[in-house]
Amino acid sequence: AALGGKGTEPYGNIISSAYKTAQEWISEVDANGKVGFNSRVIDPVTTALSGEAGVIRETSQLLSFSFSPAEGIGRSLEEAGDINLLEGLIESVEASIDGVEVSNLNTVVQPFLALALTSDPERLFNDLNMGSPVLPDLKAEAVMRLVIDGQSALAIDDEIKFKLSMASLKLIADVSALLEGDAFLRFPIQHMMDFNCWLSLVPEPEIGAHSVELENILLEMRDLLFGAEV
């Protein structure tokens, strides 16, 4: 106090200054109304993943399942003493999700807050807004392959493309997170920008508990359109 210190930052102001600088770095707005988080985080990450800024694309098979109605539902009908109506009509059903693409992820606008500090030392506030009248819609597409084998009009072998678009999206959520204090104080400065290193600070949760939780979630979508084509 004799040297003019207020005693409010006993561990120095490096962390708080770096946090403030990072928030300003990702929140400043460009001429199109988009925040810096788009060009400085989303664009590099999505370009590395898909080769295209603002796009996440997965062309490999994500999900698949198959079953035989005659062995499943039909067996239940037989056990109930009913006639197996599916016998000879449907031999098997196969379905798979063969590709997913999400585009225009780089349309984050103000208000935008990421991991904002609150009065609760274990809770961080987040406010994400995407889309505006001058920005392209957020879009998602998924391709499903459906095969029904059998000797009936129900037999099919087609690809169905599902499309989803929205003019804007708003997501508000609190993130409750615990970090290992000793590991945080020994955190190497050269790894400050390595997301995996930050994740290593999250302790393994006890049984029935969680180290990271989403709370007070609010999701709002406007001008939502959904369609499908064969």
# chains A, B, ... in the order shown; residues from 1 in each chain; ligands from 1
call {"tool": "select_by_dssp", "arguments": {"residues": "segment 32-185 of chain A", "states": "alpha helix (DSSP H)", "output": "list of chain:residue names"}}
result
A:Gly36, A:Phe37, A:Asp43, A:Pro44, A:Val45, A:Thr46, A:Thr47, A:Ala48, A:Leu49, A:Ser50, A:Ile73, A:Gly74, A:Arg75, A:Ser76, A:Leu77, A:Glu78, A:Glu79, A:Gly181, A:Asp182, A:Ala183, A:Phe184, A:Leu185
call {"tool": "write_last_selection", "arguments": {"atoms": "all heavy atoms", "output": "short mmCIF file (atom, residue, chain, number, x, y, z; two decimals), in the first residue's frame"}}
result
data_model
loop_
_atom_site.label_atom_id
_atom_site.label_comp_id
_atom_site.auth_asym_id
_atom_site.auth_seq_id
_atom_site.Cartn_x
_atom_site.Cartn_y
_atom_site.Cartn_z
N GLY A 36 -14.15 -10.49 -34.70
CA GLY A 36 -12.85 -11.06 -35.05
C GLY A 36 -12.73 -12.54 -34.82
O GLY A 36 -11.83 -13.20 -35.37
N PHE A 37 -13.62 -13.10 -34.00
CA PHE A 37 -13.60 -14.54 -33.74
C PHE A 37 -13.74 -15.33 -35.04
O PHE A 37 -13.20 -16.45 -35.15
CB PHE A 37 -14.74 -14.89 -32.79
CG PHE A 37 -14.76 -16.32 -32.33
CD1 PHE A 37 -13.84 -16.79 -31.42
CD2 PHE A 37 -15.71 -17.20 -32.81
CE1 PHE A 37 -13.85 -18.10 -30.99
CE2 PHE A 37 -15.75 -18.52 -32.40
CZ PHE A 37 -14.81 -18.97 -31.48
N ASP A 43 -12.28 -19.30 -39.14
CA ASP A 43 -11.74 -19.48 -40.49
C ASP A 43 -10.50 -20.38 -40.52
O ASP A 43 -10.44 -21.32 -41.33
CB ASP A 43 -11.43 -18.12 -41.12
CG ASP A 43 -12.69 -17.41 -41.59
OD1 ASP A 43 -13.77 -18.04 -41.57
OD2 ASP A 43 -12.60 -16.22 -41.97
N PRO A 44 -9.50 -20.15 -39.67
CA PRO A 44 -8.32 -21.04 -39.71
C PRO A 44 -8.65 -22.49 -39.36
O PRO A 44 -8.14 -23.42 -39.98
CB PRO A 44 -7.39 -20.42 -38.66
CG PRO A 44 -7.81 -19.00 -38.54
CD PRO A 44 -9.29 -19.01 -38.75
N VAL A 45 -9.52 -22.68 -38.35
CA VAL A 45 -9.86 -24.04 -37.93
C VAL A 45 -10.63 -24.78 -39.01
O VAL A 45 -10.32 -25.92 -39.36
CB VAL A 45 -10.66 -24.01 -36.61
CG1 VAL A 45 -11.20 -25.41 -36.28
CG2 VAL A 45 -9.80 -23.50 -35.47
N THR A 46 -11.67 -24.14 -39.57
CA THR A 46 -12.48 -24.81 -40.59
C THR A 46 -11.70 -25.01 -41.89
O THR A 46 -11.89 -26.02 -42.58
CB THR A 46 -13.76 -24.00 -40.88
OG1 THR A 46 -13.42 -22.63 -41.17
CG2 THR A 46 -14.68 -24.02 -39.67
N THR A 47 -10.82 -24.07 -42.23
CA THR A 47 -9.99 -24.24 -43.43
C THR A 47 -9.06 -25.44 -43.27
O THR A 47 -8.85 -26.22 -44.22
CB THR A 47 -9.17 -22.98 -43.70
OG1 THR A 47 -10.05 -21.87 -43.93
CG2 THR A 47 -8.29 -23.16 -44.93
N ALA A 48 -8.53 -25.61 -42.07
CA ALA A 48 -7.65 -26.76 -41.81
C ALA A 48 -8.42 -28.07 -41.88
O ALA A 48 -7.88 -29.09 -42.31
CB ALA A 48 -6.98 -26.61 -40.44
N LEU A 49 -9.69 -28.05 -41.49
CA LEU A 49 -10.48 -29.28 -41.46
C LEU A 49 -11.08 -29.64 -42.82
O LEU A 49 -11.11 -30.82 -43.20
CB LEU A 49 -11.61 -29.15 -40.43
CG LEU A 49 -11.19 -29.07 -38.96
CD1 LEU A 49 -12.41 -28.80 -38.09
CD2 LEU A 49 -10.52 -30.36 -38.53
N SER A 50 -11.56 -28.62 -43.56
CA SER A 50 -12.30 -28.91 -44.80
C SER A 50 -11.69 -28.28 -46.04
O SER A 50 -12.11 -28.57 -47.15
CB SER A 50 -13.75 -28.43 -44.66
OG SER A 50 -13.80 -27.01 -44.57
N ILE A 73 -39.82 -57.39 -35.36
CA ILE A 73 -41.25 -57.12 -35.17
C ILE A 73 -42.08 -58.35 -35.49
O ILE A 73 -43.03 -58.68 -34.79
CB ILE A 73 -41.68 -55.93 -36.05
CG1 ILE A 73 -40.86 -54.69 -35.69
CG2 ILE A 73 -43.17 -55.64 -35.90
CD1 ILE A 73 -41.13 -53.50 -36.59
N GLY A 74 -41.70 -59.04 -36.58
CA GLY A 74 -42.47 -60.21 -36.98
C GLY A 74 -42.48 -61.29 -35.90
O GLY A 74 -43.50 -61.92 -35.64
N ARG A 75 -41.35 -61.50 -35.24
CA ARG A 75 -41.27 -62.49 -34.18
C ARG A 75 -42.20 -62.13 -33.03
O ARG A 75 -42.85 -62.97 -32.44
CB ARG A 75 -39.83 -62.61 -33.69
CG ARG A 75 -39.63 -63.68 -32.63
CD ARG A 75 -38.18 -63.72 -32.20
NE ARG A 75 -37.32 -63.99 -33.34
CZ ARG A 75 -35.98 -63.83 -33.31
NH1 ARG A 75 -35.40 -63.37 -32.23
NH2 ARG A 75 -35.27 -64.12 -34.38
N SER A 76 -42.29 -60.84 -32.72
CA SER A 76 -43.18 -60.40 -31.64
C SER A 76 -44.63 -60.68 -32.00
O SER A 76 -45.44 -61.07 -31.15
CB SER A 76 -42.99 -58.90 -31.37
OG SER A 76 -41.67 -58.64 -30.97
N LEU A 77 -44.99 -60.50 -33.28
CA LEU A 77 -46.35 -60.77 -33.72
C LEU A 77 -46.66 -62.25 -33.61
O LEU A 77 -47.76 -62.65 -33.21
CB LEU A 77 -46.55 -60.28 -35.15
CG LEU A 77 -46.51 -58.77 -35.37
CD1 LEU A 77 -46.55 -58.45 -36.87
CD2 LEU A 77 -47.68 -58.10 -34.67
N GLU A 78 -45.67 -63.08 -33.97
CA GLU A 78 -45.88 -64.52 -33.89
C GLU A 78 -46.06 -64.97 -32.45
O GLU A 78 -46.92 -65.79 -32.14
CB GLU A 78 -44.71 -65.25 -34.54
CG GLU A 78 -44.67 -65.12 -36.05
CD GLU A 78 -43.46 -65.80 -36.65
OE1 GLU A 78 -42.48 -66.03 -35.90
OE2 GLU A 78 -43.50 -66.12 -37.84
N GLU A 79 -45.26 -64.42 -31.56
CA GLU A 79 -45.35 -64.78 -30.16
C GLU A 79 -46.69 -64.37 -29.58
O GLU A 79 -47.20 -64.99 -28.65
CB GLU A 79 -44.20 -64.14 -29.38
CG GLU A 79 -42.84 -64.71 -29.73
CD GLU A 79 -41.72 -63.96 -29.05
OE1 GLU A 79 -42.01 -62.93 -28.41
OE2 GLU A 79 -40.56 -64.41 -29.13
N GLY A 181 -5.88 -26.27 -9.67
CA GLY A 181 -5.19 -25.04 -9.32
C GLY A 181 -3.68 -25.13 -9.46
O GLY A 181 -3.04 -24.25 -10.04
N ASP A 182 -3.07 -26.21 -8.95
CA ASP A 182 -1.61 -26.34 -9.01
C ASP A 182 -1.12 -26.42 -10.46
O ASP A 182 -0.13 -25.81 -10.84
CB ASP A 182 -1.16 -27.59 -8.24
CG ASP A 182 -1.38 -27.45 -6.74
OD1 ASP A 182 -1.49 -26.29 -6.28
OD2 ASP A 182 -1.43 -28.48 -6.05
N ALA A 183 -1.85 -27.18 -11.29
CA ALA A 183 -1.47 -27.30 -12.69
C ALA A 183 -1.62 -25.97 -13.42
O ALA A 183 -0.81 -25.62 -14.28
CB ALA A 183 -2.32 -28.37 -13.37
N PHE A 184 -2.64 -25.19 -13.04
CA PHE A 184 -2.85 -23.89 -13.67
C PHE A 184 -1.70 -22.94 -13.35
O PHE A 184 -1.20 -22.20 -14.21
CB PHE A 184 -4.17 -23.29 -13.21
CG PHE A 184 -4.45 -21.92 -13.75
CD1 PHE A 184 -4.84 -21.74 -15.07
CD2 PHE A 184 -4.29 -20.80 -12.95
CE1 PHE A 184 -5.08 -20.47 -15.57
CE2 PHE A 184 -4.53 -19.54 -13.44
CZ PHE A 184 -4.93 -19.37 -14.76
N LEU A 185 -1.25 -22.94 -12.10
CA LEU A 185 -0.17 -22.04 -11.69
C LEU A 185 1.16 -22.43 -12.34
O LEU A 185 2.05 -21.59 -12.46
CB LEU A 185 -0.03 -22.05 -10.17
CG LEU A 185 -1.23 -21.44 -9.40
CD1 LEU A 185 -1.01 -21.60 -7.90
CD2 LEU A 185 -1.40 -19.97 -9.76
#
call {"tool": "residues_around", "arguments": {"residues": "Lys161 of chain A", "least_positions_apart": "4", "cutoff": "12 Å", "atoms": "only C-alpha atoms", "output": "JSON, numbers by chain"}}
result
{"A": [96, 97, 98, 99, 100, 101, 140, 141, 142, 143, 144, 145, 146, 226, 227, 228, 229, 230]}
call {"tool": "write_last_selection", "arguments": {"atoms": "C-alpha atoms", "output": "PDB file, in the first residue's frame"}}
result
ATOM      1  CA  SER A  96     -26.810 -44.822 -42.984  1.00  0.00           C
ATOM      2  CA  ILE A  97     -25.731 -41.199 -42.728  1.00  0.00           C
ATOM      3  CA  ASP A  98     -23.068 -40.899 -45.409  1.00  0.00           C
ATOM      4  CA  GLY A  99     -22.152 -37.223 -45.248  1.00  0.00           C
ATOM      5  CA  VAL A 100     -22.711 -34.029 -43.269  1.00  0.00           C
ATOM      6  CA  GLU A 101     -21.823 -30.443 -44.143  1.00  0.00           C
ATOM      7  CA  ALA A 140     -26.526 -27.759 -42.703  1.00  0.00           C
ATOM      8  CA  GLU A 141     -26.923 -30.755 -45.011  1.00  0.00           C
ATOM      9  CA  ALA A 142     -26.929 -34.477 -44.374  1.00  0.00           C
ATOM     10  CA  VAL A 143     -27.183 -37.390 -46.817  1.00  0.00           C
ATOM     11  CA  MET A 144     -29.005 -40.522 -45.695  1.00  0.00           C
ATOM     12  CA  ARG A 145     -28.998 -43.751 -47.693  1.00  0.00           C
ATOM     13  CA  LEU A 146     -32.046 -45.966 -47.189  1.00  0.00           C
ATOM     14  CA  PHE A 226     -36.152 -27.686 -43.327  1.00  0.00           C
ATOM     15  CA  GLY A 227     -36.414 -29.730 -46.487  1.00  0.00           C
ATOM     16  CA  ALA A 228     -35.597 -33.096 -48.051  1.00  0.00           C
ATOM     17  CA  GLU A 229     -35.001 -34.301 -51.581  1.00  0.00           C
ATOM     18  CA  VAL A 230     -34.514 -37.718 -53.106  1.00  0.00           C
TER      19      VAL A 230
END
call {"tool": "closest_atom_pairs", "arguments": {"of": "segment 26-133 of chain A", "to": "segment 148-153 of chain A", "cutoff": "6 Å", "atoms": "only C-alpha atoms", "output": "CSV"}}
result
residue,atom,partner,partner_atom,distance
A:Leu89,CA,A:Gly150,CA,5.1
A:Ile90,CA,A:Gly150,CA,4.2
A:Glu91,CA,A:Gly150,CA,5.0
A:Ser92,CA,A:Asp149,CA,5.3
A:Val93,CA,A:Ile148,CA,4.6
call {"tool": "atom_distance", "arguments": {"atom1": "atom CA of Ile26 of chain A", "atom2": "atom CA of Pro111 of chain A"}}
result
11.8 Å
call {"tool": "closest_residue", "arguments": {"among": "A:Glu24, A:Glu52, A:Asp120, A:Asp174", "to": "Asn216 of chain A", "atoms": "only C-alpha atoms"}}
result
A:Asp174
call {"tool": "closest_residue", "arguments": {"among": "A:Ser17, A:Phe125, A:Lys139, A:Ser68", "to": "Ile56 of chain A", "atoms": "only C-alpha atoms"}}
result
A:Lys139
call {"tool": "atom_distance", "arguments": {"atom1": "atom CA of Asn126 of chain A", "atom2": "atom CA of Ile217 of chain A"}}
result
9.7 Å
call {"tool": "closest_residue", "arguments": {"among": "A:Ala116, A:Val35, A:Leu62, A:Leu138", "to": "Ser103 of chain A", "atoms": "only C-alpha atoms"}}
result
A:Leu138
call {"tool": "residues_around", "arguments": {"residues": "Gly131 of chain A", "least_positions_apart": "4", "cutoff": "6 Å", "atoms": "only C-alpha atoms", "output": "list of chain:residue names"}}
result
A:Thr107, A:Leu135, A:Ala167, A:Ser168
call {"tool": "write_last_selection", "arguments": {"atoms": "all heavy atoms", "output": "PDB file, in the first residue's frame"}}
result
ATOM      1  N   THR A 107     -20.113 -16.540 -39.306  1.00  0.00           N
ATOM      2  CA  THR A 107     -21.067 -15.414 -39.333  1.00  0.00           C
ATOM      3  C   THR A 107     -21.419 -14.973 -37.916  1.00  0.00           C
ATOM      4  O   THR A 107     -22.551 -14.569 -37.638  1.00  0.00           O
ATOM      5  CB  THR A 107     -22.340 -15.807 -40.093  1.00  0.00           C
ATOM      6  OG1 THR A 107     -22.897 -17.009 -39.540  1.00  0.00           O
ATOM      7  CG2 THR A 107     -22.058 -16.033 -41.574  1.00  0.00           C
ATOM      8  N   LEU A 135     -25.769 -11.064 -43.981  1.00  0.00           N
ATOM      9  CA  LEU A 135     -24.877 -12.217 -44.003  1.00  0.00           C
ATOM     10  C   LEU A 135     -25.634 -13.448 -44.503  1.00  0.00           C
ATOM     11  O   LEU A 135     -26.853 -13.546 -44.351  1.00  0.00           O
ATOM     12  CB  LEU A 135     -24.309 -12.483 -42.598  1.00  0.00           C
ATOM     13  CG  LEU A 135     -23.400 -11.398 -42.018  1.00  0.00           C
ATOM     14  CD1 LEU A 135     -23.007 -11.756 -40.590  1.00  0.00           C
ATOM     15  CD2 LEU A 135     -22.149 -11.219 -42.883  1.00  0.00           C
ATOM     16  N   ALA A 167     -31.810 -18.031 -40.627  1.00  0.00           N
ATOM     17  CA  ALA A 167     -31.272 -16.683 -40.838  1.00  0.00           C
ATOM     18  C   ALA A 167     -30.390 -16.258 -39.681  1.00  0.00           C
ATOM     19  O   ALA A 167     -29.416 -15.525 -39.872  1.00  0.00           O
ATOM     20  CB  ALA A 167     -32.408 -15.689 -41.035  1.00  0.00           C
ATOM     21  N   SER A 168     -30.719 -16.704 -38.477  1.00  0.00           N
ATOM     22  CA  SER A 168     -29.911 -16.322 -37.313  1.00  0.00           C
ATOM     23  C   SER A 168     -30.062 -17.357 -36.216  1.00  0.00           C
ATOM     24  O   SER A 168     -31.050 -18.097 -36.159  1.00  0.00           O
ATOM     25  CB  SER A 168     -30.329 -14.942 -36.786  1.00  0.00           C
ATOM     26  OG  SER A 168     -31.649 -14.966 -36.297  1.00  0.00           O
TER      27      SER A 168
END
call {"tool": "atom_distance", "arguments": {"atom1": "atom CA of Ala114 of chain A", "atom2": "atom CA of Arg222 of chain A"}}
result
21.8 Å
call {"tool": "closest_residue", "arguments": {"among": "A:Trp25, A:Leu124, A:Val147, A:Pro136", "to": "Phe65 of chain A", "atoms": "only C-alpha atoms"}}
result
A:Val147
